[in-house]
Amino acid sequence: MNQLSEMAKKLRTPQQRIVISTEAARPHRAAQWRDHRISSLLLSLPALNPRRRKLAAGFSKLAFTVVVSSWLLTTLAASAQTAPAATATTQAQPWKQIPIPPLPAFKPAQPHRVELENGVVLFLQEDHELPFINGTILIRGGSRDEPNAKVGLTSLYGETWRTSGTATIDGDKLDDVLEAKAASIETSGGTASTSMAWSSLKGDFDTVFASAIDLLLHPTFKDDKLQLARQQLETGIARRNDDAGSIATREAAKIAYGPHNPYARELEYSTVEAVTLADLNAWHTHTVVGSNIIVALSGDFDSAAMEARLRAAFAPIPRGQRFQSFKATFTDPRPTVNFVSKDDVNQSNVIIVGLGTERSNPDYYALSVMNQVFSGGFGSRVVQDVRTKLGLAYTVEGNYGASYDHPGIFVVEAATKSATTVAATKALLAEIDRLKTEPPTPAELSKAKDQVLNSFVFHYDSPDKTLGEQVTLAFYGYPVDTLEKYKSGIEKVTSADVSRVANKYIDTSKLAVIVVGNESQITPSLATLGLGTVKNLDITIPPPPGGKPAE
């Protein structure tokens, strides 16, 4: 009986997916979760007829009131009698004397890696906890490689690929087939890659995998599905200036990277309309070759048998030429104040932005600790000073970004009342300066390192998560022991290291300020920041070509 209960519990657990990111890598932060045990308990209570349920509810409220009242009286009396002792205990804080053992060595599970003669790389990770098999195909080439005149090509490609279907089954029919099996096949376009992902029960793997391979090798891009994908993107274009926070984030990226940099380019009606079916087919033909493909599988299978099955499926793909991504150039932003007027708000979104670093940087570990000291949660400097002590912002955030193969973005941001816009901006700039002049105290350093390490392990506490990161590292050519080195790298960081990297990588003369807010309510004006002439940014959306009305 216990075994059946345990199996039922596992089958109720949400199905996990392989999460593979070929986008920006940021210093790790703890994940948040919610406990559903209380709601589950309520759902498991026996059903009552309406009258009995009403009576029971009345008795339950009465009983609850009596119990709580009794508890409060008892607690208050006990507190009054023991207040001196409680104060003494609080002052003593004996729990701080409890020894905390060091974290054990981090040894993530290494997936089985195979490279086929045609360049296809396979990663296999057995996980027999649940009877599911999840797979992902990663294909080099993404939005950063699109022509300037056709920005949005890979987004349209990723959407139209799946919805169009293949020569043997259209996308709508495929939806019905997969839904009947509680399975999925999805395609998408990203910054550095396009991808296909599928998931199914172990017993349905053969048919779902066959459909995935059919879609990979024999897609039929259809005009009506391309038109639908265009409409979806153009709806986003039309609404991109609705939210002040989104405007600030978008304009900050354009200032940090440059407006024509592939990591900051914007979709426009003209670029979306310029993409044709021929473009989608050409992109597919160019990228879907063996030397561009990485395949990752996780789930309830035997690696030897699965390897043989994958070899048979992927070996016929021609090797082709490996995709060479565009190498962008990066220039630090100038120390300017940039303003976007939005008259329908009564607060300001303030962002201070500059270039970050790459994850391959030897100083990545020290920068991760610096980031935690500066902006890592409620106990960080910028939150404690700007939000808690000064009360100048509703939200305060920051991050020294590190991407895998190009600089990330260093960003400090706050949402504040219109009247405190200048004061909040000055407070943020002061905190940046203090980071360079005041090394972290021993307590700050210890806390930051503990937070980084304790959150790090939760990013890789399942085979799926570890496999996803290992595939991402392989995609960018990082050593296989990169994850294992992270723990020791963080542990070695000293206060002097944090101070050194803060002074080396953060230069206030290479930081720009972006403010989105209501100009009539911002007093004093942004000119009083003393950072030069305020530049007004034009965020007008260019109209669709040919006079076509916007969606």
# chains A, B, ... in the order shown; residues from 1 in each chain; ligands from 1

call {"tool": "closest_atom_pairs", "arguments": {"of": "region 373-434 of chain A", "to": "region 339-346 of chain A", "cutoff": "10 Å", "atoms": "only C-alpha atoms", "output": "tab-separated table"}}
result
residue	atom	partner	partner_atom	distance
A:Thr416	CA	A:Asn346	CA	9.1
A:Lys417	CA	A:Asn346	CA	6.7
A:Ser418	CA	A:Asn346	CA	5.9
A:Ala419	CA	A:Asn346	CA	9.0

call {"tool": "residues_around", "arguments": {"residues": "Met196 (chain A)", "least_positions_apart": "6", "cutoff": "10 Å", "atoms": "only C-alpha atoms", "output": "PyMOL selection string"}}
result
chain A and resi 135-139+158+161-162+185-189+212-213+215-216+295

call {"tool": "closest_residue", "arguments": {"among": "A:Phe458, A:Tyr486, A:Phe323, A:Tyr394", "to": "Ser368 (chain A)", "atoms": "only C-alpha atoms"}}
result
A:Tyr486

call {"tool": "select_by_dssp", "arguments": {"residues": "region 321-510 of chain A", "states": "helix (DSSP H, G or I)", "output": "ChimeraX atom specification"}}
result
/A:364-375,381-389,418-437,442-460,463-475,482-491,495-505,508-510

call {"tool": "write_last_selection", "arguments": {"atoms": "C-alpha atoms", "output": "mmCIF file, in the first residue's frame"}}
result
data_model
loop_
_atom_site.group_PDB
_atom_site.id
_atom_site.type_symbol
_atom_site.label_atom_id
_atom_site.label_comp_id
_atom_site.auth_asym_id
_atom_site.auth_seq_id
_atom_site.Cartn_x
_atom_site.Cartn_y
_atom_site.Cartn_z
ATOM 1 C CA TYR A 364 33.386 36.102 -12.871
ATOM 2 C CA TYR A 365 33.397 34.607 -9.357
ATOM 3 C CA ALA A 366 34.424 37.856 -7.669
ATOM 4 C CA LEU A 367 31.888 39.773 -9.751
ATOM 5 C CA SER A 368 29.169 37.324 -8.679
ATOM 6 C CA VAL A 369 29.935 37.995 -5.011
ATOM 7 C CA MET A 370 30.145 41.742 -5.666
ATOM 8 C CA ASN A 371 26.747 41.558 -7.327
ATOM 9 C CA GLN A 372 25.280 39.801 -4.294
ATOM 10 C CA VAL A 373 26.713 42.354 -1.859
ATOM 11 C CA PHE A 374 25.447 45.218 -3.967
ATOM 12 C CA SER A 375 21.999 44.064 -5.105
ATOM 13 C CA ARG A 381 23.298 47.486 0.062
ATOM 14 C CA VAL A 382 21.205 49.116 -2.624
ATOM 15 C CA VAL A 383 17.921 47.762 -1.247
ATOM 16 C CA GLN A 384 18.720 48.502 2.376
ATOM 17 C CA ASP A 385 19.895 52.044 1.735
ATOM 18 C CA VAL A 386 17.732 53.307 -1.131
ATOM 19 C CA ARG A 387 14.510 51.509 -0.249
ATOM 20 C CA THR A 388 14.574 50.726 3.467
ATOM 21 C CA LYS A 389 16.547 53.595 5.010
ATOM 22 C CA SER A 418 7.781 61.388 -9.653
ATOM 23 C CA ALA A 419 8.768 63.928 -7.001
ATOM 24 C CA THR A 420 11.671 61.775 -5.765
ATOM 25 C CA THR A 421 13.077 60.863 -9.186
ATOM 26 C CA VAL A 422 16.226 62.970 -8.834
ATOM 27 C CA ALA A 423 16.804 61.988 -5.210
ATOM 28 C CA ALA A 424 16.442 58.271 -6.040
ATOM 29 C CA THR A 425 18.797 58.565 -9.014
ATOM 30 C CA LYS A 426 21.424 60.324 -6.899
ATOM 31 C CA ALA A 427 21.056 57.653 -4.212
ATOM 32 C CA LEU A 428 21.635 54.884 -6.766
ATOM 33 C CA LEU A 429 24.728 56.628 -8.113
ATOM 34 C CA ALA A 430 26.006 57.099 -4.558
ATOM 35 C CA GLU A 431 25.626 53.384 -3.872
ATOM 36 C CA ILE A 432 27.607 52.589 -7.009
ATOM 37 C CA ASP A 433 30.383 54.890 -5.817
ATOM 38 C CA ARG A 434 30.292 53.363 -2.330
ATOM 39 C CA LEU A 435 30.754 49.913 -3.818
ATOM 40 C CA LYS A 436 34.093 51.104 -5.175
ATOM 41 C CA THR A 437 35.259 52.875 -2.038
ATOM 42 C CA PRO A 442 33.426 40.334 6.861
ATOM 43 C CA ALA A 443 29.721 39.869 7.635
ATOM 44 C CA GLU A 444 28.655 41.161 4.199
ATOM 45 C CA LEU A 445 31.197 38.974 2.436
ATOM 46 C CA SER A 446 30.270 35.835 4.359
ATOM 47 C CA LYS A 447 26.554 36.379 3.850
ATOM 48 C CA ALA A 448 26.951 37.080 0.131
ATOM 49 C CA LYS A 449 29.069 33.992 -0.497
ATOM 50 C CA ASP A 450 26.660 31.807 1.464
ATOM 51 C CA GLN A 451 23.704 33.141 -0.508
ATOM 52 C CA VAL A 452 25.420 32.610 -3.839
ATOM 53 C CA LEU A 453 26.472 29.056 -3.027
ATOM 54 C CA ASN A 454 23.287 27.996 -1.262
ATOM 55 C CA SER A 455 21.179 29.168 -4.189
ATOM 56 C CA PHE A 456 23.581 27.758 -6.788
ATOM 57 C CA VAL A 457 23.010 24.126 -5.848
ATOM 58 C CA PHE A 458 19.245 24.482 -6.264
ATOM 59 C CA HIS A 459 19.751 25.351 -9.907
ATOM 60 C CA TYR A 460 21.131 21.848 -10.430
ATOM 61 C CA PRO A 463 19.065 15.552 -13.646
ATOM 62 C CA ASP A 464 17.025 17.745 -16.003
ATOM 63 C CA LYS A 465 18.502 20.976 -14.668
ATOM 64 C CA THR A 466 22.058 19.670 -14.741
ATOM 65 C CA LEU A 467 21.637 18.356 -18.274
ATOM 66 C CA GLY A 468 20.267 21.695 -19.449
ATOM 67 C CA GLU A 469 23.262 23.602 -18.112
ATOM 68 C CA GLN A 470 25.770 21.068 -19.441
ATOM 69 C CA VAL A 471 24.261 21.372 -22.909
ATOM 70 C CA THR A 472 24.366 25.163 -22.722
ATOM 71 C CA LEU A 473 28.025 25.084 -21.697
ATOM 72 C CA ALA A 474 28.799 22.695 -24.567
ATOM 73 C CA PHE A 475 26.943 24.973 -26.994
ATOM 74 C CA THR A 482 32.826 24.499 -15.360
ATOM 75 C CA LEU A 483 30.075 23.765 -12.834
ATOM 76 C CA GLU A 484 32.414 21.890 -10.513
ATOM 77 C CA LYS A 485 34.822 24.847 -10.419
ATOM 78 C CA TYR A 486 32.105 27.333 -9.479
ATOM 79 C CA LYS A 487 31.880 26.395 -5.797
ATOM 80 C CA SER A 488 35.614 26.640 -5.156
ATOM 81 C CA GLY A 489 35.793 29.827 -7.234
ATOM 82 C CA ILE A 490 33.210 31.550 -5.036
ATOM 83 C CA GLU A 491 34.767 30.259 -1.808
ATOM 84 C CA SER A 495 36.870 41.316 0.351
ATOM 85 C CA ALA A 496 39.908 42.668 -1.490
ATOM 86 C CA ASP A 497 38.802 40.785 -4.618
ATOM 87 C CA VAL A 498 35.377 42.392 -4.483
ATOM 88 C CA SER A 499 36.886 45.848 -4.084
ATOM 89 C CA ARG A 500 39.354 45.172 -6.911
ATOM 90 C CA VAL A 501 36.727 44.075 -9.456
ATOM 91 C CA ALA A 502 34.383 46.901 -8.445
ATOM 92 C CA ASN A 503 37.087 49.429 -9.286
ATOM 93 C CA LYS A 504 38.211 47.565 -12.391
ATOM 94 C CA TYR A 505 34.849 46.959 -14.048
ATOM 95 C CA THR A 508 30.708 55.823 -13.583
ATOM 96 C CA SER A 509 31.995 57.738 -16.599
ATOM 97 C CA LYS A 510 30.716 54.819 -18.699
#

call {"tool": "atom_distance", "arguments": {"atom1": "CA of Thr331 (chain A)", "atom2": "CA of Gly258 (chain A)"}}
result
7.8 Å

call {"tool": "select_by_dssp", "arguments": {"residues": "region 224-438 of chain A", "states": "strand (DSSP E or B)", "output": "ChimeraX atom specification"}}
result
/A:293-299,337-341,347-355,357-358,395-403,407-417

call {"tool": "closest_residue", "arguments": {"among": "A:Gln125, A:Gln227, A:Thr168, A:Thr329", "to": "Thr276 (chain A)", "atoms": "only C-alpha atoms"}}
result
A:Gln227

call {"tool": "atom_distance", "arguments": {"atom1": "CA of Glu358 (chain A)", "atom2": "CA of Tyr478 (chain A)"}}
result
11.8 Å

call {"tool": "closest_residue", "arguments": {"among": "A:Gly391, A:Gly401, A:Gly165, A:Gly408", "to": "Tyr263 (chain A)", "atoms": "only C-alpha atoms"}}
result
A:Gly408

call {"tool": "closest_residue", "arguments": {"among": "A:Pro362, A:Glu273, A:Asp145, A:Asp127", "to": "Ala328 (chain A)", "atoms": "only C-alpha atoms"}}
result
A:Asp145

call {"tool": "residues_around", "arguments": {"residues": "Ser164 (chain A)", "least_positions_apart": "4", "cutoff": "10 Å", "atoms": "only C-alpha atoms", "output": "PyMOL selection string"}}
result
chain A and resi 159-160+169-174+215+219-226

call {"tool": "residues_around", "arguments": {"residues": "Gly320 (chain A)", "least_positions_apart": "6", "cutoff": "7 Å", "atoms": "only C-alpha atoms", "output": "list in words"}}
result
Val289, Gly290 and Ser291 of chain A

call {"tool": "write_last_selection", "arguments": {"atoms": "N, CA and C atoms", "output": "mmCIF file, in the first residue's frame"}}
result
data_model
loop_
_atom_site.group_PDB
_atom_site.id
_atom_site.type_symbol
_atom_site.label_atom_id
_atom_site.label_comp_id
_atom_site.auth_asym_id
_atom_site.auth_seq_id
_atom_site.Cartn_x
_atom_site.Cartn_y
_atom_site.Cartn_z
ATOM 1 N N VAL A 289 21.683 21.307 -40.178
ATOM 2 C CA VAL A 289 22.724 20.396 -40.656
ATOM 3 C C VAL A 289 23.420 19.807 -39.433
ATOM 4 N N GLY A 290 24.090 18.684 -39.616
ATOM 5 C CA GLY A 290 24.652 17.957 -38.486
ATOM 6 C C GLY A 290 25.580 18.762 -37.600
ATOM 7 N N SER A 291 26.438 19.577 -38.191
ATOM 8 C CA SER A 291 27.431 20.312 -37.399
ATOM 9 C C SER A 291 26.818 21.417 -36.546
#

call {"tool": "residues_around", "arguments": {"residues": "Gly203 (chain A)", "least_positions_apart": "5", "cutoff": "10 Å", "atoms": "only C-alpha atoms", "output": "list in words"}}
result
Pro131, Phe132, Ile133, Lys181 and Val208 of chain A
